[in-house]
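Listing of final_30.txt, compact mmCIF, C-alpha atoms
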# COMPACT_ATOMS: atom_id res chain seq x y z
CA MET A 847 -38.00 132.07 -43.98
CA SER A 848 -36.72 135.21 -42.32
CA HIS A 849 -34.96 135.09 -38.96
CA ARG A 850 -36.50 138.38 -37.97
CA LEU A 851 -39.55 138.29 -35.72
CA SER A 852 -42.70 139.81 -37.11
CA PRO A 853 -44.39 142.64 -35.19
CA PHE A 854 -47.32 140.27 -34.59
CA ILE A 855 -45.13 137.72 -32.83
CA LEU A 856 -43.45 140.42 -30.76
CA ALA A 857 -46.83 141.83 -29.71
CA ALA A 858 -48.15 138.37 -28.82
CA GLY A 859 -45.01 137.68 -26.77
CA ALA A 860 -45.41 140.96 -24.90
CA LEU A 861 -48.99 140.04 -24.03
CA LEU A 862 -48.18 136.50 -22.93
CA MET A 863 -45.07 137.28 -20.86
CA PRO A 864 -47.04 138.60 -17.82
CA LEU A 865 -49.21 135.47 -17.91
CA ALA A 866 -46.12 133.27 -17.90
CA GLN A 867 -44.75 135.18 -14.90
CA VAL A 868 -48.03 134.74 -13.01
CA ALA A 869 -48.06 131.01 -13.81
CA HIS A 870 -44.45 130.69 -12.68
CA SER A 871 -45.06 132.49 -9.38
CA PHE A 872 -48.16 130.36 -8.72
CA ASN A 873 -46.27 127.14 -9.41
CA ALA A 874 -43.36 128.26 -7.24
CA GLY A 875 -45.73 128.51 -4.26
CA HIS A 876 -47.55 125.28 -5.08
CA GLN A 877 -44.81 123.02 -6.37
CA ASP A 878 -46.67 119.82 -5.76
CA ALA A 879 -50.26 119.39 -6.77
CA SER A 880 -51.22 117.37 -3.68
CA MET A 881 -53.47 120.24 -2.54
CA GLN A 882 -55.62 122.15 -5.00
CA ALA A 883 -57.94 125.02 -4.21
CA SER A 884 -61.57 123.98 -4.40
CA THR A 885 -64.90 125.81 -4.35
CA THR A 886 -67.06 125.72 -1.23
CA TYR A 887 -70.74 125.37 -2.02
CA LEU A 888 -73.26 126.61 0.54
CA TYR A 889 -75.71 123.75 -0.02
CA LEU A 890 -72.97 121.18 0.68
CA LEU A 891 -71.48 123.05 3.63
CA ARG A 892 -74.93 123.16 5.25
CA LYS A 893 -74.90 119.31 5.30
CA THR A 894 -71.38 118.96 6.72
CA PRO A 895 -71.60 117.88 10.39
CA PHE A 896 -69.34 120.64 11.73
CA PHE A 897 -71.57 123.34 10.22
CA THR A 898 -75.14 122.04 10.61
CA ARG A 899 -75.99 124.43 13.48
CA LEU A 900 -75.15 127.61 11.56
CA THR A 901 -77.53 130.02 9.86
CA THR A 902 -77.30 130.75 6.14
CA ALA A 903 -75.68 134.12 6.88
CA GLN A 904 -73.10 132.44 9.12
CA LEU A 905 -72.35 129.81 6.49
CA ARG A 906 -71.72 132.59 3.97
CA GLU A 907 -69.30 134.24 6.39
CA VAL A 908 -67.50 130.92 6.88
CA ILE A 909 -67.13 130.62 3.11
CA ASN A 910 -65.84 134.21 2.88
CA HIS A 911 -63.22 133.61 5.60
CA SER A 912 -61.93 130.18 4.64
CA LYS A 913 -60.18 128.21 1.94
CA GLU A 914 -61.32 124.82 0.74
CA TRP A 915 -58.75 122.37 -0.54
CA GLU A 916 -59.02 119.12 -2.46
CA VAL A 917 -56.24 116.93 -1.08
CA LYS A 918 -54.57 113.79 -2.33
CA PRO A 919 -53.85 110.84 0.00
CA GLY A 920 -50.56 111.01 1.88
CA THR A 921 -50.49 114.81 2.06
CA ALA A 922 -49.42 116.35 5.36
CA ILE A 923 -51.49 119.52 5.70
CA ALA A 924 -50.71 120.78 9.21
CA ALA A 925 -48.58 120.18 12.28
CA SER A 926 -48.73 121.25 15.88
CA GLY A 927 -45.59 123.34 15.37
CA ASP A 928 -47.04 125.45 12.52
CA ALA A 929 -46.41 129.15 13.09
CA ALA A 930 -49.32 130.24 10.87
CA ARG A 931 -52.07 128.70 12.94
CA SER A 932 -55.28 127.60 11.32
CA VAL A 933 -58.27 125.51 12.23
CA TRP A 934 -58.68 122.66 9.76
CA ILE A 935 -62.04 120.98 9.24
CA LEU A 936 -62.58 117.73 7.38
CA LEU A 937 -65.46 118.27 4.96
CA ASP A 938 -65.33 114.92 3.20
CA GLY A 939 -62.95 111.98 3.13
CA GLU A 940 -60.59 110.81 5.87
CA TRP A 941 -57.49 112.08 7.59
CA GLN A 942 -55.30 110.95 10.44
CA VAL A 943 -53.46 112.56 13.29
CA GLU A 944 -49.98 111.17 13.78
CA ALA A 945 -48.52 111.54 17.27
CA GLY A 946 -46.07 109.56 19.37
CA GLY A 947 -45.51 107.00 16.62
CA LYS A 948 -49.23 106.18 16.47
CA VAL A 949 -51.91 106.95 13.89
CA TYR A 950 -55.45 108.09 14.74
CA PRO A 951 -57.80 108.18 11.71
CA ALA A 952 -60.99 110.25 11.65
CA LEU A 953 -63.94 110.84 9.34
CA HIS A 954 -65.94 114.07 8.90
CA ASP A 955 -68.55 113.00 11.46
CA GLN A 956 -66.19 111.94 14.26
CA PRO A 957 -64.64 113.95 17.14
CA GLY A 958 -61.34 114.29 15.22
CA LYS A 959 -63.07 116.11 12.35
CA TRP A 960 -61.20 119.32 13.17
CA TYR A 961 -57.58 120.07 14.00
CA GLY A 962 -56.13 123.19 15.57
CA ARG A 963 -56.70 125.67 18.40
CA ASP A 964 -55.04 125.15 21.78
CA ALA A 965 -56.18 121.52 21.83
CA VAL A 966 -53.43 120.90 19.26
CA TYR A 967 -51.05 123.86 19.38
CA ALA A 968 -50.66 123.87 23.19
CA ALA A 969 -50.71 120.07 23.60
CA ALA A 970 -47.80 118.32 25.29
CA GLN A 971 -47.44 115.82 22.43
CA PRO A 972 -46.41 117.09 18.97
CA SER A 973 -48.60 115.92 16.10
CA ARG A 974 -49.21 116.28 12.40
CA LEU A 975 -52.30 115.97 10.25
CA VAL A 976 -52.14 113.78 7.15
CA VAL A 977 -54.89 113.07 4.65
CA ASN A 978 -55.15 109.32 4.09
CA GLN A 979 -57.72 109.22 1.28
CA HIS A 980 -58.93 111.69 -1.34
CA SER A 981 -60.52 114.42 0.79
CA TYR A 982 -61.84 117.94 0.96
CA VAL A 983 -60.70 120.09 3.85
CA MET A 984 -61.37 123.63 4.96
CA GLN A 985 -58.76 125.97 6.38
CA ILE A 986 -59.83 128.91 8.56
CA ARG A 987 -57.22 131.21 10.04
CA GLN A 988 -57.33 130.81 13.80
CA ALA A 989 -58.02 134.54 14.32
CA ASP A 990 -61.04 134.35 11.99
CA PHE A 991 -62.29 131.21 13.72
CA GLU A 992 -62.01 132.83 17.16
CA SER A 993 -63.91 135.84 15.82
CA MET A 994 -66.70 133.53 14.63
CA LEU A 995 -66.89 131.99 18.10
CA ALA A 996 -67.04 135.45 19.69
CA GLN A 997 -69.98 136.26 17.38
CA GLY A 998 -71.88 133.21 18.62
CA TYR A 999 -71.31 130.66 15.83
CA ASP A 1000 -72.51 127.35 17.29
CA PHE A 1001 -69.50 125.07 17.06
CA GLN A 1002 -69.55 124.18 20.77
CA LEU A 1003 -70.63 120.54 20.52
CA HIS A 1004 -67.97 119.76 17.91
CA LEU A 1005 -65.26 121.70 19.73
CA SER A 1006 -66.08 119.99 23.02
CA GLN A 1007 -65.92 116.53 21.43
CA GLY A 1008 -62.67 117.39 19.69
CA GLU A 1009 -61.06 118.87 22.81
CA GLN A 1010 -61.78 115.66 24.73
CA TYR A 1011 -60.44 113.61 21.81
CA TYR A 1012 -57.24 115.64 21.50
CA GLY A 1013 -56.84 115.83 25.27
CA ARG A 1014 -56.58 112.05 25.46
CA LEU A 1015 -54.61 111.70 22.21
CA LEU A 1016 -52.00 114.41 22.72
CA GLN A 1017 -51.27 114.17 26.42
CA ALA A 1018 -47.64 113.58 27.32
CA ARG A 1019 -46.72 109.92 27.41
Structure rendered as structure tokens:
Amino acid sequence: MSHRLSPFILAAGALLMPLAQVAHSFNAGHQDASMQASTTYLYLLRKTPFFTRLTTAQLREVINHSKEWEVKPGTAIAASGDAARSVWILLDGEWQVEAGGKVYPALHDQPGKWYGRDAVYAAAQPSRLVVNQHSYVMQIRQADFESMLAQGYDFQLHLSQGEQYYGRLLQAR
């Protein structure tokens, strides 16, 4: 067997090297697989409590301006001190807000089904959001979320419930 590489092997290596670099850079940014990108389906989003008051066109815009994640239990996904602010919405599963040494679990149909905005980021009490069972969550950049509100997306009932919830939960103690 010759120790020289055949032109075929060299060509194959040249083609595969960029793929290896892409895979390496992806893994460097996502070192643990506790959160994996997931696909948002319109027909499922329409049935999710936070989004039931939106039109089909609005739901499509939400999908276009968000990221859905499949998350493993025990994963911390956000904290009140995060510089890159997002609004997080629980699509399915369960998460908990941890604040002041206490734990406050919530399901996708309860007032704590979203996390973010001034209710969290301007609160007196620091907090973090941790998924406590296999869940699907949606991340919307705060600027995109505020734009949706300015365009009349009907999130008011859910936001009002959540603001009351976080107001009691995250007040200074």
task = For atom CA of A:Glu916 and atom CA of A:Arg892, quote the distance in Å rounded to one decimal.
result = 18.1 Å
Separation of atom CA of A:Asp1000 from atom CA of A:Met881, in Å and rounded to one decimal =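 These atoms are spaced 28.4 Å apart.
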query = In terms of the shortest atom-to-atom distance over all atoms listed in the file, which of A:Thr901, A:Ser973, A:Gln979, A:Gln985 is closest to A:Trp915?
reply =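 For A:Trp915, the nearest of the candidates is A:Gln985.
Taking atom CA of A:Leu900 as the reference point, atom CA of A:Gly962 is found at 19.9 Å.
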Quick one: residues within 10 Å of A:Leu905, only C-alpha atoms, excluding same-chain residues fewer than 6 positions away - as a PDB file with C-alpha atoms, in the frame of the given file?
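Now in part37.pdb:
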ATOM      1  CA  TYR A 887     -70.740 125.370  -2.020  1.00  0.00           C
ATOM      2  CA  LEU A 888     -73.260 126.610   0.540  1.00  0.00           C
ATOM      3  CA  TYR A 889     -75.710 123.750  -0.020  1.00  0.00           C
ATOM      4  CA  LEU A 891     -71.480 123.050   3.630  1.00  0.00           C
ATOM      5  CA  ARG A 892     -74.930 123.160   5.250  1.00  0.00           C
ATOM      6  CA  PHE A 897     -71.570 123.340  10.220  1.00  0.00           C
ATOM      7  CA  THR A 898     -75.140 122.040  10.610  1.00  0.00           C
ATOM      8  CA  ARG A 899     -75.990 124.430  13.480  1.00  0.00           C
ATOM      9  CA  HIS A 911     -63.220 133.610   5.600  1.00  0.00           C
ATOM     10  CA  TYR A 999     -71.310 130.660  15.830  1.00  0.00           C
TER      11      TYR A 999
END
inquiry  = So, with only C-alpha atoms as the atoms that count, which of A:Gln971, A:Gln988, A:Thr885, A:Gln1017 lies closest to A:Ala930?
reply    =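 The answer is A:Gln988, which sits nearest to A:Ala930.
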ask   = When distances are computed from only C-alpha atoms, which of A:Gln956, A:Ser926, A:Thr921, A:Gln1007 shows the smallest separation from A:Ser880?
value =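 Ranked by minimum distance to A:Ser880, first place goes to A:Thr921.
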key: Best match for closeness to A:Gly998 among A:Gln904, A:Ala924, A:Gly946, A:Lys959, counting only C-alpha atoms   =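 Closest to A:Gly998, using only C-alpha atoms: A:Gln904.
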inquiry  = I'd like to know which of A:Gln882, A:Ser912, A:Asn978, A:Gln997 is closest to A:Tyr950, using all atoms listed in the file.
reply    =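 Checking each candidate against A:Tyr950, we get A:Asn978 as the closest.
Of the residues under consideration (A:Ala965, A:Val976, A:Val983, A:Ala989), A:Ala965 shows the shortest atom-to-atom contact distance to A:Arg1014 when counting all atoms listed in the file.
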task = Fewer than 4 positions away in the same chain doesn't count, so skip those; otherwise give me all residues within 10 Å of A:Ala968, counting only C-alpha atoms, as a ChimeraX atom specification.
result = /A:926-927,962-964,972,1016
Put a box with edges along x, y and z around all the listed atoms of stretch 891-897 of chain A, pad it by 5 Å on each side, then give me its centre and sizes in Å, one decimal, as lines of an AutoDock Vina configuration file.
center_x = -72.1
center_y = 120.6
center_z = 7.7
size_x = 15.6
size_y = 15.5
size_z = 18.1
message = Neighbouring residues of A:Ile935 were defined as those with any atom within 12 Å, considering all atoms listed in the file; residues of the same chain fewer than 4 positions away were excluded. Please report them as a count of residues only.
response = 42
